[in-house]
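K.L.:
Just one file: start-v2.cif, with mmCIF, C-alpha atoms.
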data_my_file
loop_
_atom_site.label_atom_id
_atom_site.label_comp_id
_atom_site.auth_asym_id
_atom_site.auth_seq_id
_atom_site.Cartn_x
_atom_site.Cartn_y
_atom_site.Cartn_z
CA MET B 1 -17.59 -18.65 -27.14
CA LYS B 2 -15.69 -15.42 -27.67
CA ASN B 3 -14.80 -15.22 -23.99
CA PHE B 4 -13.72 -18.83 -23.99
CA LEU B 5 -11.42 -18.24 -26.97
CA ALA B 6 -9.96 -15.16 -25.30
CA LEU B 7 -9.31 -17.13 -22.10
CA LEU B 8 -7.66 -19.88 -24.14
CA ALA B 9 -5.46 -17.39 -25.95
CA ALA B 10 -4.43 -15.73 -22.67
CA LEU B 11 -3.61 -19.09 -21.10
CA GLY B 12 -1.58 -20.11 -24.13
CA LEU B 13 0.35 -16.88 -24.05
CA GLY B 14 1.03 -17.29 -20.33
CA VAL B 15 2.31 -20.86 -20.80
CA LEU B 16 4.49 -19.68 -23.68
CA ILE B 17 6.01 -16.88 -21.59
CA ILE B 18 6.66 -19.19 -18.63
CA LEU B 19 8.25 -21.84 -20.87
CA SER B 20 10.44 -19.30 -22.60
CA LEU B 21 11.58 -17.88 -19.27
CA GLN B 22 12.59 -21.26 -17.92
CA ASN B 23 15.59 -21.93 -20.13
CA ASN B 24 16.96 -18.57 -21.12
CA THR B 25 20.59 -19.06 -21.97
CA LEU B 26 22.57 -15.83 -21.97
CA PHE B 27 25.81 -15.41 -23.87
CA ASN B 28 28.40 -12.71 -23.43
CA GLU B 29 30.33 -11.13 -26.28
CA TYR B 30 32.81 -14.04 -26.46
CA GLY B 31 30.09 -16.65 -26.83
CA GLU B 32 30.45 -18.06 -23.29
CA ASP B 33 27.41 -19.16 -21.35
CA VAL B 34 26.79 -16.61 -18.57
CA THR B 35 23.29 -17.71 -17.55
CA GLY B 36 22.33 -16.37 -14.14
CA ARG B 37 25.74 -14.90 -13.40
CA ASP B 38 25.11 -11.16 -13.20
CA SER B 39 21.69 -11.22 -11.58
CA GLU B 40 22.74 -13.78 -9.01
CA GLU B 41 25.68 -11.62 -8.08
CA TYR B 42 23.29 -8.75 -7.38
CA GLY B 43 20.82 -10.93 -5.51
CA ASP B 44 23.22 -12.93 -3.34
CA ARG B 45 25.51 -10.05 -2.51
CA GLU B 46 26.69 -10.51 1.05
CA TYR B 47 27.19 -7.49 3.26
CA GLY B 48 30.87 -8.02 3.97
CA GLU B 49 33.60 -5.55 4.80
CA GLU B 50 35.31 -5.59 1.41
CA ASN B 51 32.00 -4.91 -0.34
CA PRO B 52 31.82 -1.25 -1.43
CA ALA B 53 28.06 -1.10 -0.81
CA SER B 54 27.88 -2.91 2.49
CA GLY B 55 25.71 -0.41 4.34
CA PRO B 56 22.24 -0.41 2.83
CA ALA B 57 19.83 -2.98 4.22
CA ASN B 58 17.70 -2.62 1.12
CA ILE B 59 19.18 -4.30 -1.95
CA VAL B 60 17.06 -2.26 -4.39
CA THR B 61 18.34 0.98 -2.89
CA SER B 62 21.94 -0.16 -3.06
CA ILE B 63 21.46 -0.75 -6.78
CA VAL B 64 19.48 2.42 -7.53
CA ALA B 65 21.52 4.88 -5.48
CA ASP B 66 24.92 3.20 -5.41
CA PHE B 67 25.72 0.77 -8.25
CA ARG B 68 23.65 2.68 -10.77
CA SER B 69 23.72 6.14 -9.22
CA PHE B 70 24.82 7.69 -12.48
CA ASP B 71 21.71 6.28 -14.12
CA THR B 72 19.60 7.84 -11.36
CA LEU B 73 21.29 11.17 -12.00
CA GLY B 74 20.14 10.80 -15.61
CA GLU B 75 16.56 10.10 -14.49
CA ILE B 76 16.63 13.22 -12.34
CA THR B 77 17.79 15.14 -15.39
CA VAL B 78 14.90 13.72 -17.46
CA LEU B 79 12.46 14.94 -14.82
CA PHE B 80 14.16 18.34 -14.73
CA VAL B 81 13.95 18.69 -18.51
CA SER B 82 10.27 17.74 -18.56
CA SER B 83 9.40 20.26 -15.85
CA LEU B 84 11.43 22.84 -17.73
CA GLY B 85 9.40 22.11 -20.86
CA VAL B 86 6.13 22.56 -18.96
CA ALA B 87 7.42 25.85 -17.55
CA LEU B 88 8.43 27.03 -21.03
CA LEU B 89 5.02 26.16 -22.48
CA LEU B 90 2.74 27.29 -19.67
CA GLY B 91 4.81 29.67 -17.56
CA GLY B 92 5.13 33.40 -17.83
CA THR B 93 6.34 36.41 -15.98
CA LYS B 94 3.05 37.31 -14.27
CA GLN B 95 0.59 34.60 -13.36
CA LYS B 96 -2.67 34.19 -11.47
CA ARG B 97 -4.69 31.21 -10.33
CA LEU B 98 -7.07 29.51 -12.75
CA ASP B 99 -10.72 29.87 -11.77
CA LEU B 100 -11.83 26.42 -10.62
CA GLY B 101 -15.51 27.36 -10.66
CA PHE B 102 -16.23 26.70 -6.99
CA HIS B 103 -15.45 28.22 -3.64
CA PRO B 104 -14.38 25.90 -0.83
CA ASN B 105 -16.49 25.81 2.28
CA PHE B 106 -15.06 26.17 5.77
CA MET B 107 -14.67 22.44 6.39
CA LEU B 108 -12.75 21.77 3.18
CA ARG B 109 -10.44 24.74 3.70
CA ILE B 110 -9.49 23.81 7.28
CA GLY B 111 -9.50 20.05 6.76
CA SER B 112 -7.24 20.15 3.74
CA LYS B 113 -4.66 22.08 5.77
CA ALA B 114 -4.80 19.41 8.48
CA LEU B 115 -4.44 16.62 5.91
CA PHE B 116 -1.59 18.48 4.23
CA GLY B 117 0.58 18.00 7.32
CA ILE B 118 -0.08 14.28 7.53
CA ILE B 119 0.63 13.68 3.83
CA LEU B 120 3.79 15.80 3.95
CA MET B 121 4.99 13.91 7.03
CA THR B 122 4.41 10.57 5.29
CA GLY B 123 6.37 11.76 2.26
CA VAL B 124 9.30 12.92 4.38
CA TYR B 125 9.25 9.65 6.33
CA VAL B 126 9.32 7.57 3.15
CA THR B 127 12.12 9.73 1.77
CA ILE B 128 14.48 9.57 4.73
CA HIS B 129 13.89 5.84 5.31
CA GLY B 130 14.58 5.05 1.65
CA HIS B 131 17.67 2.96 2.39
CA LEU B 132 15.89 0.80 4.99
CA THR B 133 12.34 0.25 3.76
CA PRO B 134 10.59 0.15 0.38
CA GLY B 135 10.12 3.60 -1.06
CA GLY B 136 12.78 6.24 -1.32
CA GLY B 137 13.30 9.56 -2.99
CA PHE B 138 11.02 9.18 -5.99
CA PRO B 139 7.81 8.00 -4.24
CA GLY B 140 8.54 10.25 -1.25
CA GLY B 141 8.96 13.25 -3.51
CA ALA B 142 5.73 12.39 -5.30
CA MET B 143 3.94 12.27 -1.92
CA ILE B 144 5.35 15.68 -0.97
CA ALA B 145 4.09 17.04 -4.29
CA SER B 146 0.68 15.41 -3.79
CA SER B 147 0.28 17.32 -0.51
CA MET B 148 0.85 20.52 -2.48
CA LEU B 149 -1.70 19.33 -5.07
CA LEU B 150 -4.26 18.90 -2.28
CA LEU B 151 -3.76 22.51 -1.14
CA TYR B 152 -4.02 23.74 -4.73
CA LEU B 153 -7.22 21.82 -5.45
CA ALA B 154 -8.93 22.56 -2.14
CA ASP B 155 -8.55 26.34 -2.23
CA ASP B 156 -8.90 28.31 -5.44
CA THR B 157 -7.01 31.31 -4.08
CA PHE B 158 -4.00 29.39 -2.75
CA ARG B 159 -0.67 30.00 -4.42
CA ALA B 160 2.63 28.60 -3.15
CA LYS B 161 5.82 30.63 -3.18
CA ILE B 162 7.09 28.94 -6.31
CA LYS B 163 10.41 30.75 -6.36
CA GLY B 164 11.49 28.85 -3.24
CA PHE B 165 10.73 25.56 -5.00
CA LYS B 166 12.89 26.59 -7.94
CA ILE B 167 15.81 27.45 -5.65
CA LEU B 168 15.41 24.21 -3.66
CA GLU B 169 15.33 22.18 -6.86
CA SER B 170 18.51 23.74 -8.23
CA VAL B 171 20.35 23.40 -4.92
CA ALA B 172 19.37 19.75 -4.54
CA GLY B 173 20.42 18.89 -8.09
CA SER B 174 23.76 20.68 -7.71
CA LEU B 175 24.43 18.99 -4.37
CA TYR B 176 23.85 15.59 -5.99
CA VAL B 177 26.53 16.32 -8.59
CA LEU B 178 28.82 17.77 -5.90
CA ILE B 179 28.50 14.58 -3.84
CA GLY B 180 29.45 12.65 -6.97
CA ILE B 181 32.54 14.81 -7.50
CA ALA B 182 33.41 14.39 -3.81
CA GLY B 183 33.39 10.65 -4.52
CA LEU B 184 36.00 11.30 -7.20
CA PHE B 185 38.15 13.17 -4.69
CA PHE B 186 37.87 11.00 -1.58
CA ALA B 187 37.60 7.65 -3.36
CA ASP B 188 38.19 6.31 -6.83
CA TYR B 189 35.29 7.11 -9.12
CA PHE B 190 32.31 9.41 -9.67
CA LEU B 191 29.47 8.93 -7.14
CA GLU B 192 31.38 6.35 -5.13
CA ASN B 193 30.17 5.72 -1.59
CA PHE B 194 32.96 7.37 0.41
CA LEU B 195 31.28 7.75 3.81
CA ASN B 196 31.23 5.26 6.67
CA ASN B 197 28.65 2.55 6.11
CA GLY B 198 27.67 2.10 9.75
CA VAL B 199 25.45 -0.67 11.08
CA VAL B 200 22.87 -2.24 8.80
CA GLY B 201 19.40 -1.11 9.88
CA ASP B 202 20.36 2.18 11.54
CA LEU B 203 18.87 5.41 10.24
CA LEU B 204 22.33 6.93 9.83
CA SER B 205 23.96 4.17 7.82
CA ALA B 206 24.74 3.28 4.21
CA GLY B 207 27.13 6.17 3.61
CA ILE B 208 25.97 8.68 1.03
CA ILE B 209 22.81 6.78 0.03
CA PRO B 210 20.41 8.48 2.50
CA LEU B 211 21.94 11.87 1.60
CA ILE B 212 21.34 11.19 -2.10
CA TYR B 213 17.82 9.96 -1.45
CA VAL B 214 16.91 13.04 0.60
CA LEU B 215 18.25 15.22 -2.22
CA ILE B 216 16.26 13.21 -4.80
CA GLY B 217 13.11 13.52 -2.65
CA LEU B 218 13.50 17.29 -2.32
CA LYS B 219 14.20 17.67 -6.03
CA VAL B 220 11.33 15.48 -7.21
CA GLY B 221 8.90 17.07 -4.74
CA SER B 222 9.77 20.63 -5.69
CA GLU B 223 9.82 19.83 -9.41
CA ILE B 224 6.38 18.20 -9.46
CA SER B 225 5.03 21.03 -7.26
CA GLY B 226 6.33 23.49 -9.85
CA VAL B 227 4.58 21.52 -12.61
CA ILE B 228 1.32 21.54 -10.61
CA ASP B 229 1.62 25.29 -10.14
CA ASN B 230 2.20 25.74 -13.87
CA PHE B 231 -0.86 23.69 -14.73
CA LEU B 232 -3.17 25.51 -12.30
CA THR B 233 -2.17 29.08 -13.13
CA GLU B 234 -2.60 31.24 -16.17
CA GLU B 235 -0.76 34.23 -17.51
CA VAL B 236 -2.15 37.69 -16.87
CA VAL B 237 -2.68 39.27 -20.26
CA MET C 238 -5.19 -9.53 22.93
CA GLU C 239 -5.40 -11.96 20.03
CA ILE C 240 -9.13 -12.46 20.55
CA VAL C 241 -9.79 -8.71 20.79
CA SER C 242 -7.96 -8.14 17.53
CA GLN C 243 -9.77 -10.97 15.76
CA VAL C 244 -13.17 -9.70 16.90
CA LEU C 245 -12.26 -6.21 15.69
CA LEU C 246 -11.12 -7.58 12.33
CA VAL C 247 -14.40 -9.45 11.87
CA ILE C 248 -16.40 -6.33 12.82
CA GLY C 249 -14.40 -4.26 10.34
CA GLY C 250 -14.94 -6.74 7.55
CA LEU C 251 -18.66 -6.86 8.32
CA PHE C 252 -18.98 -3.09 8.14
CA PHE C 253 -17.09 -3.03 4.84
CA LEU C 254 -19.49 -5.67 3.51
CA LEU C 255 -22.51 -3.61 4.64
CA GLY C 256 -21.02 -0.48 3.11
CA GLY C 257 -20.50 -2.24 -0.20
CA LEU C 258 -24.08 -3.57 -0.11
CA GLY C 259 -25.35 -0.07 0.61
CA VAL C 260 -23.46 1.43 -2.32
CA LEU C 261 -24.87 -1.30 -4.52
CA ARG C 262 -28.50 -1.20 -3.36
CA MET C 263 -29.31 2.38 -2.27
CA PRO C 264 -31.58 4.35 -4.62
CA ASP C 265 -29.86 7.73 -5.09
CA VAL C 266 -26.48 9.45 -4.79
CA PHE C 267 -26.87 10.87 -1.29
CA ASN C 268 -27.98 7.58 0.22
CA ARG C 269 -25.08 5.82 -1.45
CA ILE C 270 -22.60 8.39 -0.18
CA GLN C 271 -23.81 8.10 3.38
CA ALA C 272 -23.87 4.28 3.25
CA GLY C 273 -20.39 4.09 1.77
CA THR C 274 -18.82 6.71 3.99
CA LYS C 275 -20.24 5.89 7.39
CA ALA C 276 -19.91 2.13 7.09
CA THR C 277 -16.40 2.19 5.66
CA THR C 278 -15.17 4.76 8.18
CA LEU C 279 -16.15 2.54 11.10
CA GLY C 280 -14.95 -0.55 9.21
CA ALA C 281 -11.55 0.96 8.58
CA PHE C 282 -11.25 2.05 12.24
CA ALA C 283 -12.08 -1.46 13.43
CA LEU C 284 -9.72 -3.13 10.96
CA LEU C 285 -6.83 -0.81 11.83
CA LEU C 286 -7.42 -1.17 15.57
CA GLY C 287 -7.47 -4.94 15.11
CA ILE C 288 -4.11 -4.79 13.35
CA GLY C 289 -2.81 -2.51 16.12
CA PHE C 290 -3.86 -4.99 18.81
CA MET C 291 -2.24 -7.84 16.89
CA TYR C 292 1.11 -6.00 16.52
CA PRO C 293 1.31 -3.51 19.43
CA THR C 294 4.52 -1.89 18.08
CA TRP C 295 2.52 -0.58 15.12
CA PHE C 296 0.05 1.30 17.30
CA LEU C 297 1.49 4.77 16.56
CA LYS C 298 1.35 4.29 12.78
CA VAL C 299 -2.15 2.83 13.01
CA GLY C 300 -3.21 5.85 15.08
CA ILE C 301 -1.89 8.23 12.43
CA ILE C 302 -3.81 6.36 9.72
CA ILE C 303 -6.97 6.50 11.84
CA VAL C 304 -6.59 10.27 12.27
CA PHE C 305 -6.09 10.59 8.50
CA ILE C 306 -9.24 8.60 7.72
CA ALA C 307 -11.21 10.44 10.40
CA ILE C 308 -10.40 13.77 8.72
CA SER C 309 -10.38 12.82 5.06
CA ASN C 310 -13.44 10.57 4.78
CA PRO C 311 -16.10 13.04 6.04
CA ILE C 312 -14.58 15.94 4.12
CA GLY C 313 -14.41 13.98 0.89
CA SER C 314 -17.96 12.72 1.17
CA SER C 315 -19.37 16.15 2.10
CA VAL C 316 -17.64 17.73 -0.89
CA LEU C 317 -18.97 14.94 -3.13
CA ALA C 318 -22.49 15.45 -1.78
CA LYS C 319 -22.35 19.20 -2.33
CA ALA C 320 -20.98 18.75 -5.84
CA SER C 321 -23.77 16.32 -6.65
CA TYR C 322 -26.38 18.74 -5.20
CA LYS C 323 -24.93 21.48 -7.35
CA ALA C 324 -24.99 19.27 -10.43
CA GLN C 325 -28.48 17.79 -10.21
CA GLY C 326 -30.21 19.17 -7.12
CA ALA C 327 -32.15 17.15 -4.58
CA PRO C 328 -33.69 13.79 -5.56
CA SER C 329 -37.22 14.01 -6.90
CA ASN C 330 -38.89 12.28 -3.95
CA VAL C 331 -37.53 14.72 -1.35
CA VAL C 332 -40.35 16.39 0.63
CA GLN C 333 -38.43 19.26 2.25
CA ASP C 334 -35.21 20.78 0.88
CA ASP C 335 -33.59 22.68 3.75
CA LEU C 336 -30.36 23.31 1.89
CA LYS C 337 -32.21 25.28 -0.77
CA GLU C 338 -33.81 27.53 1.89
CA PHE C 339 -30.47 27.89 3.64
CA LEU C 340 -28.71 28.99 0.48
CA GLY C 341 -31.59 31.31 -0.38
CA GLY C 342 -31.44 30.64 -4.08
CA THR C 343 -27.80 31.71 -4.55
CA GLU C 344 -25.68 29.79 -7.00
CA ASP C 345 -22.63 29.53 -4.76
CA VAL C 346 -23.00 26.03 -3.30
CA GLY C 347 -19.32 25.02 -3.29
#
How would this structure read if it were set down as C-alpha cells?
P.N.:
Amino acid sequence: MKNFLALLAALGLGVLIILSLQNNTLFNEYGEDVTGRDSEEYGDREYGEENPASGPANIVTSIVADFRSFDTLGEITVLFVSSLGVALLLGGTKQKRLDLGFHPNFMLRIGSKALFGIILMTGVYVTIHGHLTPGGGFPGGAMIASSMLLLYLADDTFRAKIKGFKILESVAGSLYVLIGIAGLFFADYFLENFLNNGVVGDLLSAGIIPLIYVLIGLKVGSEISGVIDNFLTEEVV
Amino acid sequence: MEIVSQVLLVIGGLFFLLGGLGVLRMPDVFNRIQAGTKATTLGAFALLLGIGFMYPTWFLKVGIIIVFIAISNPIGSSVLAKASYKAQGAPSNVVQDDLKEFLGGTEDVG
C-alpha cells in the first residue's frame, strides 16, 4: 500500500512537471512574450561566415568556451580557490606520505604504472578533442587527475613532484587570461574568438576554443592532483 | 562480418549472465571474485570484439579498451582477494591453506 502510494505520488509529480513545462510563457523586462526565442537561437545557430563562433562542431563547446567563456573563467577561479583552501588547511612546508597500512605487491606496483599511461592518454585525448566530441577540459582534467590518484593509492611511497603542478596550474590560468586580453587587442571584446575558425570537424579548427580547452584541462588536472597530494600527505612535526 | 560480430555479442552477453549468476550464487568471497572476474573479463573481450567487427574503424579504440581491461581486471580482483584474506582469512571449509605457509605467519599480506 505504501509503495503504491509512493508510486502514485511520483507519477503525479511527473505529470505535473511535464504539464508545467509544456506551456511556459517567458516575458522579458518590457512584458513582451519571448517564449523560445533565446534557446532556439542557441540551438538553431547555423555555422555561417558572419557568425563569430562558426568553427566548433560541438554546440555545447561553442557555448561553454566561446559565448560564455567569461563564466568558465569564473568556474576555473572557483576551483582554484577551493584547491587553495585545501592547501591552506592541510598543506605545510615539510610533508610526508600518509601510512596507508598496506604494502603493494609486485603486480599492483607494475600494473598500476601500466594503467596510468592508458588513463592519462584517455584524459589527454578527451581534452584536446573537446571542441569536436563530448567531453572537454573539465572531464579530461579530471581523468588526468584520476591517473595520479591511481599512482597515489597503489603505492604508499609514491610522491609526485607537486611543485611542477603548482607552476603548471599558474601558467595555464595566466595564459587563459592572456588569451582573453589578446581578444581585446585583436578583436572587439574580452575572450573573443580572434583566430581563424578553419573547417568544421578538423582537429585544428574553432579558433581559440581548443587552446582554451587544453589550458582548462591542464589547470583542472594539476589542481585536482594537488588536492589529492594534500589529502594523502601529512605534515612532519 | 556481421554474423561474426553478432555471435561474439551473444557470447559476451552469455558470459556476463554467467558471471552475474556466479556472483549471486557462489558461497564465499573468493569464489565470487573468481566467478565475477573471469566470466566478465571474457565477456567484455567478446562484446568489445563484436563491436569492433561491426564497426571496423573503431578497432584501435576497442583494442585499447581490451588492453585496459586485460590489465585492470586481474589486478583489481587479486588485490580484492588479498584484502579479503587479510581481513577474515581463508573460508572455514578450506582443507589446505598454502598462502598461510607461503607467508610464514607474517602480517604483511598486502
K.L.:
Using all atoms listed in the file, find the one residue out of C:Gly273, C:Gly280, C:Gly259, C:Pro264 that sits nearest to C:Leu246.
P.N.:
C:Gly280
K.L.:
Out of B:Leu203, B:Leu89, B:Leu108, B:Leu120, which residue has the shortest atom-to-atom distance to B:Phe231 when counting all atoms listed in the file?
P.N.:
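The answer is B:Leu89, which sits nearest to B:Phe231.
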K.L.:
Just need the residues of chain B within 8 Å of chain C, counting only C-alpha atoms, so spit them out as a list of chain:residue names.
P.N.:
B:Phe102, B:His103, B:Pro104, B:Asn105, B:Met107, B:Leu108, B:Gly111, B:Ala114, B:Leu115, B:Ile118
K.L.:
Please indicate the distance in Å from atom CA of B:Phe138 to atom CA of B:Gly91, rounded to one decimal place.
P.N.:
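A separation of 24.3 Å between them.
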K.L.:
Between atom CA of C:Phe252 and atom CA of C:Thr277, what is the distance, to one decimal in Å?
P.N.:
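So the two atoms, atom CA of C:Phe252 and atom CA of C:Thr277, lie 6.4 Å apart.
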K.L.:
For the file shown, what are the residues hit by the PyMOL selection byres ((chain B and resi 137) around 10), laid out as a PyMOL selection string?
P.N.:
chain B and resi 61+65+123-124+126-131+135-136+138-143+210+212-221
K.L.:
Which polymer residues have any atom within 12 Å of an atom of C:Ser321, counting only C-alpha atoms, with same-chain residues fewer than 4 positions away left out, as a list in words?
P.N.:
Asp265, Val266, Phe267, Asn268, Arg269, Ile270, Ser314, Ser315, Val316, Leu317, Gln325, Gly326, Ala327, Pro328, Val346 and Gly347 of chain C
K.L.:
Got a sec: who's within 12 Å of stretch 182-184 of chain B, counting all atoms listed in the file, leaving out chain neighbours fewer than 2 positions off, as a PDB file with C-alpha atoms, keeping the file's coordinate frame?
P.N.:
ATOM      1  CA  ASP B  66      24.920   3.200  -5.410  1.00  0.00           C
ATOM      2  CA  SER B  69      23.720   6.140  -9.220  1.00  0.00           C
ATOM      3  CA  LEU B 175      24.430  18.990  -4.370  1.00  0.00           C
ATOM      4  CA  TYR B 176      23.850  15.590  -5.990  1.00  0.00           C
ATOM      5  CA  VAL B 177      26.530  16.320  -8.590  1.00  0.00           C
ATOM      6  CA  LEU B 178      28.820  17.770  -5.900  1.00  0.00           C
ATOM      7  CA  ILE B 179      28.500  14.580  -3.840  1.00  0.00           C
ATOM      8  CA  GLY B 180      29.450  12.650  -6.970  1.00  0.00           C
ATOM      9  CA  PHE B 186      37.870  11.000  -1.580  1.00  0.00           C
ATOM     10  CA  ALA B 187      37.600   7.650  -3.360  1.00  0.00           C
ATOM     11  CA  ASP B 188      38.190   6.310  -6.830  1.00  0.00           C
ATOM     12  CA  TYR B 189      35.290   7.110  -9.120  1.00  0.00           C
ATOM     13  CA  PHE B 190      32.310   9.410  -9.670  1.00  0.00           C
ATOM     14  CA  LEU B 191      29.470   8.930  -7.140  1.00  0.00           C
ATOM     15  CA  GLU B 192      31.380   6.350  -5.130  1.00  0.00           C
ATOM     16  CA  ASN B 193      30.170   5.720  -1.590  1.00  0.00           C
ATOM     17  CA  PHE B 194      32.960   7.370   0.410  1.00  0.00           C
ATOM     18  CA  LEU B 195      31.280   7.750   3.810  1.00  0.00           C
ATOM     19  CA  GLY B 207      27.130   6.170   3.610  1.00  0.00           C
ATOM     20  CA  ILE B 208      25.970   8.680   1.030  1.00  0.00           C
TER      21      ILE B 208
END
K.L.:
Mind pulling up the distance from atom CA of B:Leu149 to atom CA of B:Glu235?
P.N.:
19.4 Å
K.L.:
Between C:Phe296, C:Tyr322, C:Phe339, C:Phe290, which residue has the minimum interatomic distance to C:Gln243, considering only C-alpha atoms?
P.N.:
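The shortest atom-to-atom distance to C:Gln243 comes from C:Phe290.
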K.L.:
Please write as a list in words the list of polymer residues whose atoms come within 12 Å of (0.2, 36.4, -13.1), counting all atoms listed in the file and keeping to the coordinates of the file.
P.N.:
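The residues near that point, listed by chain and number, are Leu90, Gly91, Gly92, Thr93, Lys94, Gln95, Lys96, Arg97, Leu98, Arg159, Asp229, Asn230, Leu232, Thr233, Glu234, Glu235, Val236 and Val237 of chain B.
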K.L.:
Considering only C-alpha atoms, can you say which of B:Ile119, B:Phe185, B:Asn3, B:Gly226 comes closest to B:Ile167?
P.N.:
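Nearest to B:Ile167: B:Gly226.
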K.L.:
Identify all residues satisfying the PyMOL selection byres ((chain B and resi 79) around 12) in the given file; provide them as a VMD selection string.
P.N.:
chain B and resid 72 to 78 80 to 86 138 141 to 142 169 173 216 219 to 224 226 to 227
K.L.:
Mind dumping the selected residues with C-alpha atoms as a JSON list (two decimals), keeping the file's coordinate frame?
P.N.:
[["chain", "number", "residue", "atom", "x", "y", "z"],
["B", 72, "THR", "CA", 19.60, 7.84, -11.36],
["B", 73, "LEU", "CA", 21.29, 11.17, -12.00],
["B", 74, "GLY", "CA", 20.14, 10.80, -15.61],
["B", 75, "GLU", "CA", 16.56, 10.10, -14.49],
["B", 76, "ILE", "CA", 16.63, 13.22, -12.34],
["B", 77, "THR", "CA", 17.79, 15.14, -15.39],
["B", 78, "VAL", "CA", 14.90, 13.72, -17.46],
["B", 80, "PHE", "CA", 14.16, 18.34, -14.73],
["B", 81, "VAL", "CA", 13.95, 18.69, -18.51],
["B", 82, "SER", "CA", 10.27, 17.74, -18.56],
["B", 83, "SER", "CA", 9.40, 20.26, -15.85],
["B", 84, "LEU", "CA", 11.43, 22.84, -17.73],
["B", 85, "GLY", "CA", 9.40, 22.11, -20.86],
["B", 86, "VAL", "CA", 6.13, 22.56, -18.96],
["B", 138, "PHE", "CA", 11.02, 9.18, -5.99],
["B", 141, "GLY", "CA", 8.96, 13.25, -3.51],
["B", 142, "ALA", "CA", 5.73, 12.39, -5.30],
["B", 169, "GLU", "CA", 15.33, 22.18, -6.86],
["B", 173, "GLY", "CA", 20.42, 18.89, -8.09],
["B", 216, "ILE", "CA", 16.26, 13.21, -4.80],
["B", 219, "LYS", "CA", 14.20, 17.67, -6.03],
["B", 220, "VAL", "CA", 11.33, 15.48, -7.21],
["B", 221, "GLY", "CA", 8.90, 17.07, -4.74],
["B", 222, "SER", "CA", 9.77, 20.63, -5.69],
["B", 223, "GLU", "CA", 9.82, 19.83, -9.41],
["B", 224, "ILE", "CA", 6.38, 18.20, -9.46],
["B", 226, "GLY", "CA", 6.33, 23.49, -9.85],
["B", 227, "VAL", "CA", 4.58, 21.52, -12.61]]
K.L.:
With only C-alpha atoms counted, which protein, DNA or RNA residues have an atom no more than 12 Å from (-3.1, -15.7, 14.0) in the file frame? Please answer as an MDAnalysis selection string.
P.N.:
chainID C and resid 238:243 246 287:288 290:292
